[in-house]
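For reference, work.tsv (TSV, C-alpha atoms and all ligand atoms):
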```tsv
chain	number	residue	atom	x	y	z
A	1	ALA	CA	90.33	-41.78	12.63
A	2	THR	CA	91.22	-45.46	12.79
A	3	ALA	CA	92.45	-47.16	9.67
A	4	ALA	CA	89.07	-48.91	9.36
A	5	GLY	CA	87.25	-45.59	9.83
A	6	THR	CA	89.34	-43.94	7.14
A	7	ALA	CA	88.67	-46.82	4.76
A	8	SER	CA	84.94	-46.71	5.32
A	9	GLU	CA	84.93	-42.92	5.02
A	10	ALA	CA	86.78	-43.26	1.74
A	11	ALA	CA	84.30	-45.90	0.57
A	12	GLY	CA	81.45	-43.60	1.62
A	13	THR	CA	82.99	-40.74	-0.34
A	14	GLN	CA	83.37	-42.94	-3.41
A	15	LYS	CA	79.75	-44.01	-3.09
A	16	ASP	CA	78.61	-40.37	-2.89
A	17	VAL	CA	80.65	-39.49	-5.95
A	18	ARG	CA	79.13	-42.40	-7.86
A	19	GLU	CA	75.58	-41.41	-6.90
A	20	ALA	CA	76.27	-37.78	-7.67
A	21	LYS	CA	77.31	-38.87	-11.15
A	22	LEU	CA	74.00	-40.58	-11.80
A	23	PRO	CA	71.61	-38.45	-13.85
A	24	ASN	CA	68.73	-36.78	-12.04
A	25	VAL	CA	65.49	-37.90	-13.67
A	26	LYS	CA	62.08	-36.52	-12.73
A	27	ILE	CA	59.05	-38.73	-13.28
A	28	LEU	CA	55.82	-36.81	-13.90
A	29	ALA	CA	52.82	-39.10	-13.52
A	30	THR	CA	49.47	-38.52	-15.23
A	31	GLY	CA	47.72	-41.89	-14.69
A	32	GLY	CA	47.00	-44.52	-17.35
A	33	THR	CA	47.15	-48.29	-17.27
A	34	ILE	CA	50.74	-48.19	-16.05
A	35	ALA	CA	49.12	-47.05	-12.77
A	36	GLY	CA	46.02	-49.23	-13.24
A	37	VAL	CA	44.70	-51.69	-10.67
A	38	ALA	CA	42.56	-54.73	-11.55
A	39	ALA	CA	40.62	-57.10	-9.32
A	40	SER	CA	42.69	-60.11	-10.37
A	41	ASN	CA	46.21	-60.64	-11.68
A	42	THR	CA	44.94	-62.17	-14.91
A	43	ALA	CA	42.68	-59.21	-15.74
A	44	THR	CA	44.17	-57.00	-18.44
A	45	THR	CA	41.02	-54.96	-19.09
A	46	GLY	CA	38.32	-53.54	-16.84
A	47	TYR	CA	40.78	-52.08	-14.32
A	48	SER	CA	40.59	-48.80	-12.46
A	49	ILE	CA	42.92	-45.80	-12.65
A	50	GLY	CA	43.37	-43.10	-10.02
A	51	SER	CA	44.59	-44.78	-6.84
A	52	THR	CA	48.22	-45.61	-7.70
A	53	THR	CA	50.49	-42.62	-7.20
A	54	VAL	CA	53.91	-41.81	-8.60
A	55	ASP	CA	55.60	-42.87	-5.33
A	56	THR	CA	54.14	-46.36	-5.71
A	57	LEU	CA	55.32	-46.52	-9.33
A	58	ILE	CA	58.85	-45.58	-8.25
A	59	LYS	CA	58.88	-48.03	-5.31
A	60	ALA	CA	57.80	-50.85	-7.64
A	61	VAL	CA	61.02	-50.51	-9.65
A	62	PRO	CA	63.88	-50.14	-7.11
A	63	GLU	CA	66.33	-51.13	-9.87
A	64	MET	CA	65.99	-47.58	-11.20
A	65	LYS	CA	68.13	-46.39	-8.27
A	66	SER	CA	71.21	-47.87	-9.88
A	67	ILE	CA	70.75	-45.93	-13.13
A	68	ALA	CA	69.39	-42.56	-11.95
A	69	ASN	CA	68.47	-40.38	-8.99
A	70	VAL	CA	64.74	-40.59	-9.44
A	71	SER	CA	62.04	-38.43	-7.92
A	72	GLY	CA	58.39	-37.97	-8.84
A	73	GLU	CA	55.53	-35.52	-9.14
A	74	GLN	CA	51.86	-36.22	-9.70
A	75	ILE	CA	50.42	-34.01	-12.47
A	76	ALA	CA	47.12	-35.89	-12.91
A	77	ASN	CA	45.83	-39.40	-12.24
A	78	VAL	CA	43.40	-40.21	-15.03
A	79	GLY	CA	42.86	-42.49	-17.98
A	80	SER	CA	44.37	-40.74	-20.97
A	81	PRO	CA	41.03	-40.04	-22.74
A	82	ASP	CA	40.52	-37.56	-19.87
A	83	ILE	CA	43.74	-35.63	-20.44
A	84	THR	CA	42.55	-32.07	-21.08
A	85	ASN	CA	44.12	-29.04	-22.75
A	86	ASP	CA	44.67	-27.64	-19.24
A	87	THR	CA	46.63	-30.77	-18.30
A	88	LEU	CA	48.74	-30.41	-21.45
A	89	LEU	CA	49.55	-26.80	-20.65
A	90	ALA	CA	50.34	-27.56	-16.99
A	91	LEU	CA	52.56	-30.49	-17.99
A	92	GLY	CA	54.44	-28.57	-20.68
A	93	LYS	CA	55.03	-25.58	-18.41
A	94	ARG	CA	56.21	-27.76	-15.52
A	95	ILE	CA	58.65	-29.64	-17.77
A	96	ASN	CA	60.10	-26.35	-19.03
A	97	VAL	CA	60.65	-25.16	-15.45
A	98	LEU	CA	62.23	-28.49	-14.43
A	99	LEU	CA	64.52	-28.75	-17.44
A	100	SER	CA	65.74	-25.18	-17.05
A	101	SER	CA	67.27	-26.26	-13.73
A	102	SER	CA	70.75	-27.78	-13.63
A	103	ASP	CA	69.35	-30.22	-11.03
A	104	VAL	CA	67.28	-32.07	-13.63
A	105	ASP	CA	68.87	-34.02	-16.50
A	106	GLY	CA	65.76	-35.53	-18.04
A	107	VAL	CA	62.04	-36.06	-17.61
A	108	VAL	CA	59.84	-39.16	-17.88
A	109	VAL	CA	56.08	-38.73	-18.26
A	110	THR	CA	53.94	-41.73	-17.34
A	111	HIS	CA	50.72	-41.66	-19.37
A	112	GLY	CA	47.81	-43.75	-20.56
A	113	THR	CA	48.47	-45.17	-23.99
A	114	ASP	CA	45.17	-44.22	-25.64
A	115	THR	CA	46.13	-40.58	-26.21
A	116	LEU	CA	49.83	-40.85	-25.36
A	117	GLU	CA	50.90	-39.90	-28.88
A	118	GLU	CA	49.00	-36.60	-28.63
A	119	THR	CA	50.67	-35.53	-25.38
A	120	ALA	CA	54.07	-36.65	-26.70
A	121	TYR	CA	53.63	-34.59	-29.89
A	122	PHE	CA	52.47	-31.58	-27.84
A	123	LEU	CA	55.63	-31.82	-25.70
A	124	ASN	CA	57.70	-32.25	-28.87
A	125	LEU	CA	56.43	-28.81	-29.95
A	126	VAL	CA	56.54	-26.88	-26.67
A	127	VAL	CA	59.47	-28.15	-24.60
A	128	LYS	CA	62.31	-25.62	-24.77
A	129	SER	CA	65.23	-27.88	-23.96
A	130	GLU	CA	67.53	-30.41	-25.57
A	131	LYS	CA	67.36	-32.55	-22.43
A	132	PRO	CA	65.45	-35.80	-22.94
A	133	VAL	CA	61.69	-36.03	-22.44
A	134	VAL	CA	60.42	-39.61	-22.60
A	135	VAL	CA	56.72	-40.50	-22.54
A	136	VAL	CA	55.97	-44.01	-21.33
A	137	GLY	CA	52.92	-46.16	-20.64
A	138	ALA	CA	51.86	-49.76	-20.35
A	139	MET	CA	49.23	-52.01	-21.86
A	140	ARG	CA	48.78	-54.22	-18.79
A	141	PRO	CA	47.76	-52.84	-15.40
A	142	SER	CA	50.31	-52.85	-12.59
A	143	THR	CA	48.53	-55.81	-10.94
A	144	ALA	CA	48.77	-58.16	-13.96
A	145	ILE	CA	51.09	-61.14	-14.36
A	146	SER	CA	53.77	-60.01	-16.82
A	147	ALA	CA	52.83	-56.36	-16.39
A	148	ASP	CA	54.81	-54.37	-18.95
A	149	GLY	CA	54.90	-51.14	-16.93
A	150	PRO	CA	57.95	-51.77	-14.71
A	151	MET	CA	60.36	-52.60	-17.55
A	152	ASN	CA	58.97	-49.81	-19.70
A	153	LEU	CA	59.49	-47.37	-16.81
A	154	TYR	CA	63.00	-48.63	-16.12
A	155	ASN	CA	63.93	-48.22	-19.80
A	156	ALA	CA	62.30	-44.79	-19.97
A	157	VAL	CA	64.38	-43.60	-17.00
A	158	LYS	CA	67.52	-45.00	-18.59
A	159	LEU	CA	66.71	-43.14	-21.83
A	160	ALA	CA	65.79	-39.89	-20.06
A	161	GLY	CA	69.11	-39.91	-18.22
A	162	SER	CA	71.18	-40.62	-21.30
A	163	GLU	CA	73.40	-38.44	-23.47
A	164	GLU	CA	72.17	-40.23	-26.60
A	165	ALA	CA	68.56	-39.06	-26.18
A	166	LYS	CA	69.48	-35.36	-26.07
A	167	GLY	CA	68.22	-33.16	-28.88
A	168	LYS	CA	65.96	-35.83	-30.40
A	169	GLY	CA	62.62	-34.23	-29.46
A	170	ALA	CA	60.03	-35.90	-27.26
A	171	LEU	CA	60.44	-39.68	-27.34
A	172	VAL	CA	58.02	-42.52	-26.73
A	173	LEU	CA	59.31	-45.70	-25.09
A	174	LEU	CA	57.34	-48.94	-24.88
A	175	ASN	CA	58.29	-52.52	-25.61
A	176	ASP	CA	62.03	-51.67	-25.84
A	177	ARG	CA	61.40	-49.44	-28.87
A	178	ILE	CA	62.23	-45.76	-29.07
A	179	GLY	CA	59.79	-43.78	-31.19
A	180	ALA	CA	59.67	-40.12	-32.23
A	181	ALA	CA	56.56	-38.33	-30.95
A	182	ARG	CA	56.10	-36.96	-34.50
A	183	PHE	CA	55.69	-40.41	-36.05
A	184	ILE	CA	54.61	-43.00	-33.53
A	185	THR	CA	50.97	-44.04	-33.13
A	186	LYS	CA	48.89	-46.57	-31.23
A	187	THR	CA	47.82	-49.26	-33.70
A	188	HIS	CA	46.19	-52.02	-31.65
A	189	THR	CA	43.45	-52.03	-29.01
A	190	THR	CA	45.08	-54.39	-26.50
A	191	SER	CA	48.37	-55.84	-27.74
A	192	LEU	CA	51.62	-54.97	-25.93
A	193	ASP	CA	53.19	-54.33	-29.31
A	194	THR	CA	50.80	-51.53	-30.17
A	195	PHE	CA	53.03	-48.47	-30.73
A	196	LYS	CA	54.23	-48.45	-34.31
A	197	SER	CA	55.88	-46.06	-36.63
A	198	VAL	CA	54.87	-47.78	-39.82
A	199	GLU	CA	55.90	-45.23	-42.47
A	200	ASP	CA	58.89	-43.65	-40.81
A	201	GLY	CA	60.33	-46.32	-38.54
A	202	TYR	CA	61.47	-46.24	-34.94
A	203	LEU	CA	64.40	-44.04	-33.94
A	204	GLY	CA	66.03	-46.87	-32.09
A	205	MET	CA	65.72	-49.45	-29.37
A	206	ILE	CA	67.03	-50.58	-26.02
A	207	SER	CA	68.59	-53.97	-26.29
A	208	GLY	CA	70.89	-55.82	-23.91
A	209	GLY	CA	70.48	-52.85	-21.57
A	210	LYS	CA	72.04	-50.52	-24.16
A	211	ILE	CA	70.49	-47.60	-25.96
A	212	HIS	CA	70.77	-47.76	-29.75
A	213	PHE	CA	69.70	-44.87	-31.99
A	214	TYR	CA	69.50	-45.41	-35.74
A	215	SER	CA	67.68	-42.35	-37.08
A	216	GLU	CA	66.04	-39.08	-36.12
A	217	SER	CA	63.22	-36.83	-37.26
A	218	THR	CA	63.97	-34.04	-39.71
A	219	ARG	CA	60.94	-32.06	-38.52
A	220	LYS	CA	61.30	-29.05	-36.19
A	221	HIS	CA	60.88	-29.70	-32.49
A	222	THR	CA	61.79	-28.47	-28.99
A	223	VAL	CA	64.53	-25.82	-29.18
A	224	ASP	CA	63.82	-25.15	-32.88
A	225	SER	CA	60.07	-24.87	-32.34
A	226	LYS	CA	58.44	-21.44	-32.54
A	227	PHE	CA	55.61	-22.41	-30.18
A	228	ASN	CA	55.79	-20.87	-26.73
A	229	ILE	CA	53.23	-21.75	-24.05
A	230	GLU	CA	54.82	-19.80	-21.21
A	231	TYR	CA	52.12	-17.09	-21.21
A	232	LEU	CA	49.32	-19.19	-22.67
A	233	SER	CA	46.44	-19.82	-20.25
A	234	GLU	CA	44.26	-21.84	-22.62
A	235	LEU	CA	44.35	-23.53	-26.01
A	236	PRO	CA	41.75	-22.80	-28.70
A	237	GLN	CA	39.08	-25.45	-29.19
A	238	VAL	CA	39.81	-27.72	-32.15
A	239	ASP	CA	37.50	-30.61	-32.99
A	240	ILE	CA	37.98	-33.62	-35.25
A	241	LEU	CA	35.25	-34.67	-37.66
A	242	TYR	CA	35.31	-38.07	-39.32
A	243	SER	CA	34.38	-38.51	-43.00
A	244	TYR	CA	32.14	-41.41	-43.95
A	245	GLN	CA	29.43	-42.25	-46.46
A	246	ASN	CA	26.23	-40.26	-46.05
A	247	ASP	CA	27.77	-37.81	-43.55
A	248	GLY	CA	26.19	-34.39	-42.98
A	249	GLU	CA	26.88	-30.67	-42.80
A	250	TYR	CA	25.32	-30.38	-39.36
A	251	LEU	CA	28.40	-31.75	-37.58
A	252	TYR	CA	30.44	-28.74	-38.74
A	253	LYS	CA	27.70	-26.38	-37.64
A	254	ALA	CA	27.55	-28.05	-34.22
A	255	ALA	CA	31.33	-27.80	-33.78
A	256	VAL	CA	31.44	-24.10	-34.63
A	257	GLU	CA	28.41	-23.33	-32.45
A	258	ALA	CA	30.16	-25.09	-29.57
A	259	GLY	CA	33.17	-22.78	-30.00
A	260	ALA	CA	35.53	-24.59	-32.39
A	261	LYS	CA	38.17	-22.25	-33.83
A	262	GLY	CA	39.54	-25.05	-35.94
A	263	ILE	CA	38.31	-28.34	-37.37
A	264	VAL	CA	40.49	-31.25	-38.42
A	265	ILE	CA	38.79	-33.55	-40.88
A	266	ALA	CA	39.69	-37.22	-40.69
A	267	GLY	CA	38.99	-37.39	-44.41
A	268	SER	CA	38.60	-40.57	-46.42
A	269	GLY	CA	41.61	-41.65	-48.51
A	270	ASP	CA	43.81	-38.67	-49.38
A	271	GLY	CA	41.72	-36.47	-47.06
A	272	SER	CA	38.65	-36.41	-49.32
A	273	LEU	CA	35.32	-34.86	-48.32
A	274	SER	CA	31.77	-35.51	-49.44
A	275	LYS	CA	29.85	-32.62	-51.05
A	276	LYS	CA	27.93	-32.21	-47.80
A	277	GLY	CA	31.16	-32.30	-45.80
A	278	GLU	CA	32.62	-29.65	-48.07
A	279	ALA	CA	29.55	-27.44	-47.66
A	280	GLY	CA	29.82	-27.85	-43.88
A	281	ALA	CA	33.52	-26.98	-43.97
A	282	LYS	CA	32.81	-23.86	-46.05
A	283	ALA	CA	30.14	-22.70	-43.60
A	284	ALA	CA	32.56	-23.31	-40.71
A	285	GLN	CA	35.19	-21.19	-42.47
A	286	GLU	CA	32.65	-18.38	-42.93
A	287	ALA	CA	32.07	-18.54	-39.17
A	288	GLY	CA	35.83	-18.05	-38.68
A	289	ALA	CA	37.12	-21.63	-38.23
A	290	VAL	CA	40.27	-22.94	-39.92
A	291	ILE	CA	39.86	-26.27	-41.72
A	292	VAL	CA	42.61	-28.90	-41.90
A	293	ARG	CA	42.29	-31.93	-44.16
A	294	SER	CA	43.88	-35.03	-42.63
A	295	SER	CA	43.24	-38.69	-43.39
A	296	ARG	CA	41.48	-41.55	-41.66
A	297	THR	CA	43.68	-44.12	-43.47
A	298	GLY	CA	46.44	-44.21	-40.87
A	299	GLY	CA	49.28	-43.64	-43.32
A	300	GLY	CA	50.61	-41.32	-45.99
A	301	THR	CA	50.79	-37.60	-46.66
A	302	VAL	CA	47.66	-35.67	-47.65
A	303	THR	CA	48.39	-34.07	-51.01
A	304	HIS	CA	48.16	-30.26	-51.04
A	305	SER	CA	46.72	-29.01	-54.33
A	306	ALA	CA	45.93	-25.63	-55.93
A	307	GLN	CA	42.31	-26.34	-54.99
A	308	ASP	CA	43.30	-26.29	-51.32
A	309	ASP	CA	44.80	-22.84	-51.80
A	310	GLU	CA	41.61	-21.65	-53.52
A	311	LYS	CA	39.40	-23.11	-50.82
A	312	LYS	CA	41.77	-22.01	-48.04
A	313	PHE	CA	42.07	-25.56	-46.78
A	314	VAL	CA	45.16	-26.50	-44.80
A	315	THR	CA	46.49	-30.04	-45.30
A	316	SER	CA	48.00	-32.06	-42.46
A	317	ASP	CA	51.08	-33.43	-44.25
A	318	SER	CA	51.56	-36.88	-42.66
A	319	LEU	CA	50.09	-35.97	-39.26
A	320	ASN	CA	47.18	-38.16	-38.29
A	321	PRO	CA	44.01	-36.31	-37.20
A	322	GLN	CA	44.75	-36.43	-33.47
A	323	LYS	CA	48.25	-34.98	-33.89
A	324	ALA	CA	47.01	-32.47	-36.50
A	325	ARG	CA	44.62	-31.24	-33.81
A	326	ILE	CA	47.56	-30.61	-31.43
A	327	LEU	CA	49.49	-28.62	-34.04
A	328	LEU	CA	46.40	-26.67	-35.10
A	329	MET	CA	45.64	-25.65	-31.49
A	330	LEU	CA	49.16	-24.31	-31.05
A	331	ALA	CA	49.11	-22.59	-34.46
A	332	LEU	CA	45.73	-20.95	-33.75
A	333	ALA	CA	47.08	-19.53	-30.53
A	334	SER	CA	49.16	-17.17	-32.67
A	335	THR	CA	47.43	-16.87	-36.09
A	336	ASN	CA	44.32	-17.87	-38.01
A	337	ASP	CA	45.86	-17.29	-41.44
A	338	PRO	CA	45.55	-20.61	-43.34
A	339	ALA	CA	48.71	-19.90	-45.40
A	340	ARG	CA	50.80	-19.35	-42.25
A	341	ILE	CA	49.25	-22.41	-40.61
A	342	GLN	CA	50.09	-24.47	-43.71
A	343	GLN	CA	53.73	-23.51	-43.22
A	344	PHE	CA	53.60	-24.95	-39.71
A	345	PHE	CA	52.21	-28.21	-41.09
A	346	ASP	CA	55.00	-28.29	-43.68
A	347	GLU	CA	57.73	-27.77	-41.07
A	348	TYR	CA	56.69	-29.51	-37.83
B	1	LIG	N1	46.88	-48.84	-21.87
B	1	LIG	C1	46.34	-47.70	-21.42
B	1	LIG	O1	47.02	-46.93	-20.80
B	1	LIG	C2	44.92	-47.43	-21.79
B	1	LIG	C3	44.15	-46.55	-20.86
B	1	LIG	N2	42.76	-46.61	-21.18
B	1	LIG	C4	44.61	-45.10	-20.93
B	1	LIG	O2	44.88	-44.60	-21.98
B	1	LIG	O3	44.68	-44.47	-19.92
```

Just give me the structure of the file as structure tokens.
Amino acid sequence: ATAAGTASEAAGTQKDVREAKLPNVKILATGGTIAGVAASNTATTGYSIGSTTVDTLIKAVPEMKSIANVSGEQIANVGSPDITNDTLLALGKRINVLLSSSDVDGVVVTHGTDTLEETAYFLNLVVKSEKPVVVVGAMRPSTAISADGPMNLYNAVKLAGSEEAKGKGALVLLNDRIGAARFITKTHTTSLDTFKSVEDGYLGMISGGKIHFYSESTRKHTVDSKFNIEYLSELPQVDILYSYQNDGEYLYKAAVEAGAKGIVIAGSGDGSLSKKGEAGAKAAQEAGAVIVRSSRTGGGTVTHSAQDDEKKFVTSDSLNPQKARILLMLALASTNDPARIQQFFDEY
């Protein structure tokens, strides 16, 4: 080889070594506004979801190539209200297969924000790996001026490829903030700054291109979780019923007749029920359903009293109704004993 050839070969080798050192991050796309398309670049609502694929999302952020070897898979392409139990199971199983391979260092899930916290909490409970899983979305469609998706995706890939994010459970990344799936929730209909962790705080943030962690959840997740979906082909039906003035027993009856094995009550205040609600819950229990008292307030822990033990009510700890539903589905897949299920709510 000529001197020049040797030099360029050496440079090529160095380049390969550098790329080989980059983490391998898999992006699993499920749809959502991050993949949304609107008729004009000032429209931030009224857009459509379903046409933008994971390849387009990756191509839109070429800067990711300098922080990770990125590849994608399309799991679904829907608005997140249409994420089903089957999608959850398929996603969780696929992530477990991917993360068991030495070729994958971390996973990013792109997701609509409306039910993002539910999927993130599900993954927090069923992923069997310490490798990072980061769930990301956007509030503005990909066609909008100042779309938030590209930077959120870039940051999510950075986080998923990092050492710092290992062993922290499923993480949620939007607006530079790193949230724990256990605590974070969507708090605003349209604002970019919608994901908050009011009671428990964020775990950290990305600032100046650097990942900063300040705290972590004490609740069981991922490798410490007892939940195993490997051989699970479906999740039991769990419905959420909202408490309000003048509510009725018939809602409980309808849920059980439609196949509910569990009901989470978005109770008023500290998870309180009306007399009619309580009668409905009792009838649902007699039909075999497990009842969990959660709260519609958006904050705080539902107090578990001796009355709950007498009435065989489970309380949701500080899980909001939509996350309590996720935990109850997984719990019911292995037991319908309220005392055992209460232990899950105390630990996860
Ligand atoms: N910002 C969003 O992603 C909202 C959208 N409706 C979804 O959840 O799919």

Neighbours of ligand LIG 1 (chain B) at 7 Å or closer, counting only C-alpha atoms and all ligand atoms: which residues, as an NGL selection string? :A and (31-34 or 78-81 or 111-115 or 137-140)

Kindly provide, as a PDB file with C-alpha atoms, in the frame of the given file, the polymer residues lying within 12 Å of (41.5, -22.9, -41.4), counting all atoms listed in the file and using the coordinates exactly as they appear in the file.
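Saved as out19.pdb:
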```pdb
ATOM      1  CA  VAL A 238      39.810 -27.720 -32.150  1.00  0.00           C
ATOM      2  CA  ALA A 260      35.530 -24.590 -32.390  1.00  0.00           C
ATOM      3  CA  LYS A 261      38.170 -22.250 -33.830  1.00  0.00           C
ATOM      4  CA  GLY A 262      39.540 -25.050 -35.940  1.00  0.00           C
ATOM      5  CA  ILE A 263      38.310 -28.340 -37.370  1.00  0.00           C
ATOM      6  CA  VAL A 264      40.490 -31.250 -38.420  1.00  0.00           C
ATOM      7  CA  ILE A 265      38.790 -33.550 -40.880  1.00  0.00           C
ATOM      8  CA  ALA A 281      33.520 -26.980 -43.970  1.00  0.00           C
ATOM      9  CA  LYS A 282      32.810 -23.860 -46.050  1.00  0.00           C
ATOM     10  CA  ALA A 283      30.140 -22.700 -43.600  1.00  0.00           C
ATOM     11  CA  ALA A 284      32.560 -23.310 -40.710  1.00  0.00           C
ATOM     12  CA  GLN A 285      35.190 -21.190 -42.470  1.00  0.00           C
ATOM     13  CA  GLU A 286      32.650 -18.380 -42.930  1.00  0.00           C
ATOM     14  CA  ALA A 287      32.070 -18.540 -39.170  1.00  0.00           C
ATOM     15  CA  GLY A 288      35.830 -18.050 -38.680  1.00  0.00           C
ATOM     16  CA  ALA A 289      37.120 -21.630 -38.230  1.00  0.00           C
ATOM     17  CA  VAL A 290      40.270 -22.940 -39.920  1.00  0.00           C
ATOM     18  CA  ILE A 291      39.860 -26.270 -41.720  1.00  0.00           C
ATOM     19  CA  VAL A 292      42.610 -28.900 -41.900  1.00  0.00           C
ATOM     20  CA  ARG A 293      42.290 -31.930 -44.160  1.00  0.00           C
ATOM     21  CA  ASP A 308      43.300 -26.290 -51.320  1.00  0.00           C
ATOM     22  CA  ASP A 309      44.800 -22.840 -51.800  1.00  0.00           C
ATOM     23  CA  LYS A 311      39.400 -23.110 -50.820  1.00  0.00           C
ATOM     24  CA  LYS A 312      41.770 -22.010 -48.040  1.00  0.00           C
ATOM     25  CA  PHE A 313      42.070 -25.560 -46.780  1.00  0.00           C
ATOM     26  CA  VAL A 314      45.160 -26.500 -44.800  1.00  0.00           C
ATOM     27  CA  THR A 315      46.490 -30.040 -45.300  1.00  0.00           C
ATOM     28  CA  SER A 316      48.000 -32.060 -42.460  1.00  0.00           C
ATOM     29  CA  ARG A 325      44.620 -31.240 -33.810  1.00  0.00           C
ATOM     30  CA  LEU A 328      46.400 -26.670 -35.100  1.00  0.00           C
ATOM     31  CA  MET A 329      45.640 -25.650 -31.490  1.00  0.00           C
ATOM     32  CA  ALA A 331      49.110 -22.590 -34.460  1.00  0.00           C
ATOM     33  CA  LEU A 332      45.730 -20.950 -33.750  1.00  0.00           C
ATOM     34  CA  THR A 335      47.430 -16.870 -36.090  1.00  0.00           C
ATOM     35  CA  ASN A 336      44.320 -17.870 -38.010  1.00  0.00           C
ATOM     36  CA  ASP A 337      45.860 -17.290 -41.440  1.00  0.00           C
ATOM     37  CA  PRO A 338      45.550 -20.610 -43.340  1.00  0.00           C
ATOM     38  CA  ALA A 339      48.710 -19.900 -45.400  1.00  0.00           C
ATOM     39  CA  ARG A 340      50.800 -19.350 -42.250  1.00  0.00           C
ATOM     40  CA  ILE A 341      49.250 -22.410 -40.610  1.00  0.00           C
ATOM     41  CA  GLN A 342      50.090 -24.470 -43.710  1.00  0.00           C
ATOM     42  CA  PHE A 345      52.210 -28.210 -41.090  1.00  0.00           C
TER      43      PHE A 345
END
```

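Atom CA of A:Val136 is positioned 17.4 Å from atom CA of A:Asn24.
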
Gap from atom CA of A:Asn124 to atom CA of A:Val37 - Å, one decimal: 29.6 Å

Compile a residue-level contact table for stretch 38-123 of chain A against stretch 161-177 of chain A at a cut-off of 12 Å, reporting for every qualifying residue the shortest atom pair and its distance in Å to one decimal, with all atoms listed in the file counted, rows ordered by chain and ascending number, as a Markdown table.
```
| residue | atom | partner | partner_atom | distance |
| --- | --- | --- | --- | --- |
| A:Met64 | CA | A:Gly161 | CA | 10.9 |
| A:Lys65 | CA | A:Gly161 | CA | 11.9 |
| A:Ser66 | CA | A:Gly161 | CA | 11.7 |
| A:Ile67 | CA | A:Gly161 | CA | 8.1 |
| A:Ala68 | CA | A:Gly161 | CA | 6.8 |
| A:Asn69 | CA | A:Gly161 | CA | 9.3 |
| A:Val70 | CA | A:Gly161 | CA | 9.8 |
| A:Gly92 | CA | A:Ala170 | CA | 11.3 |
| A:Ile95 | CA | A:Ala170 | CA | 11.5 |
| A:Leu99 | CA | A:Lys166 | CA | 11.9 |
| A:Val104 | CA | A:Gly161 | CA | 9.3 |
| A:Asp105 | CA | A:Gly161 | CA | 6.1 |
| A:Gly106 | CA | A:Gly161 | CA | 5.5 |
| A:Val107 | CA | A:Gly161 | CA | 8.1 |
| A:Val108 | CA | A:Gly161 | CA | 9.3 |
| A:Val109 | CA | A:Val172 | CA | 9.5 |
| A:Thr110 | CA | A:Leu173 | CA | 10.2 |
| A:His111 | CA | A:Val172 | CA | 10.4 |
| A:Gly112 | CA | A:Leu174 | CA | 11.7 |
| A:Thr113 | CA | A:Leu174 | CA | 9.7 |
| A:Leu116 | CA | A:Val172 | CA | 8.5 |
| A:Glu117 | CA | A:Val172 | CA | 7.9 |
| A:Glu118 | CA | A:Val172 | CA | 11.0 |
| A:Thr119 | CA | A:Ala170 | CA | 9.6 |
| A:Ala120 | CA | A:Ala170 | CA | 6.0 |
| A:Tyr121 | CA | A:Ala170 | CA | 7.0 |
| A:Phe122 | CA | A:Ala170 | CA | 8.7 |
| A:Leu123 | CA | A:Ala170 | CA | 6.2 |
```

Polymer residues at most 9 Å from (57.5, -39.3, -9.7) by all atoms listed in the file, as a list in words: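 The answer, in the requested form, is Lys26, Ile27, Leu28, Ala29, Thr53, Val54, Asp55, Thr56, Leu57, Ile58, Val70, Ser71, Gly72, Glu73, Gln74, Val108, Val109 and Thr110 of chain A.
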
Calculated over only C-alpha atoms, which of the candidates A:Val223, A:Ala38, A:Leu91, A:Val198 has the smallest distance to A:Gly299? A:Val198

Of the listed residues A:Ala306, A:Gly267, A:Gln237, A:Ser318, that which approaches A:Asp86 most closely, counting all atoms listed in the file: A:Gln237

Compile the contact shell of A:Asp200 as a ChimeraX atom specification: residues with an atom at most 9 Å away, counting all atoms listed in the file, same-chain residues fewer than 6 positions apart removed. /A:183-184,217

Quick one: distance from atom CA of A:Leu241 to atom CA of A:Tyr202 in Å, one decimal?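 Taking atom CA of A:Leu241 as the start and atom CA of A:Tyr202 as the end point, the length is 28.8 Å.
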
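For the residues A:Gly280, A:Gly271, A:Pro321, A:Pro236, ranking by smallest atom-to-atom distance to A:Gly259 using only C-alpha atoms places A:Pro236 first.
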
For A:Tyr348, which residue out of A:Lys275, A:Arg219, A:Arg182, A:Lys158 is the nearest one, using only C-alpha atoms?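 Nearest to A:Tyr348: A:Arg219.
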
Using all atoms listed in the file for the distances, tell me which of A:Leu159, A:Ile75, A:Leu89, A:Lys128 is nearest to A:Pro23.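 Of A:Leu159, A:Ile75, A:Leu89, A:Lys128, the one nearest A:Pro23 is A:Leu159, counting all atoms listed in the file.
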
Using only C-alpha atoms, pick whichever of A:Leu125, A:Ser100, A:Asp224, A:Ala35 has the shortest atom-to-atom distance to A:Pro150. A:Ala35

If we count all atoms listed in the file and set the cut-off at 10 Å, which residues sit around A:Thr42, ignoring sequence neighbours fewer than 4 positions away in its own chain? Please answer as a PyMOL selection string. chain A and resi 38+140-141+143-147
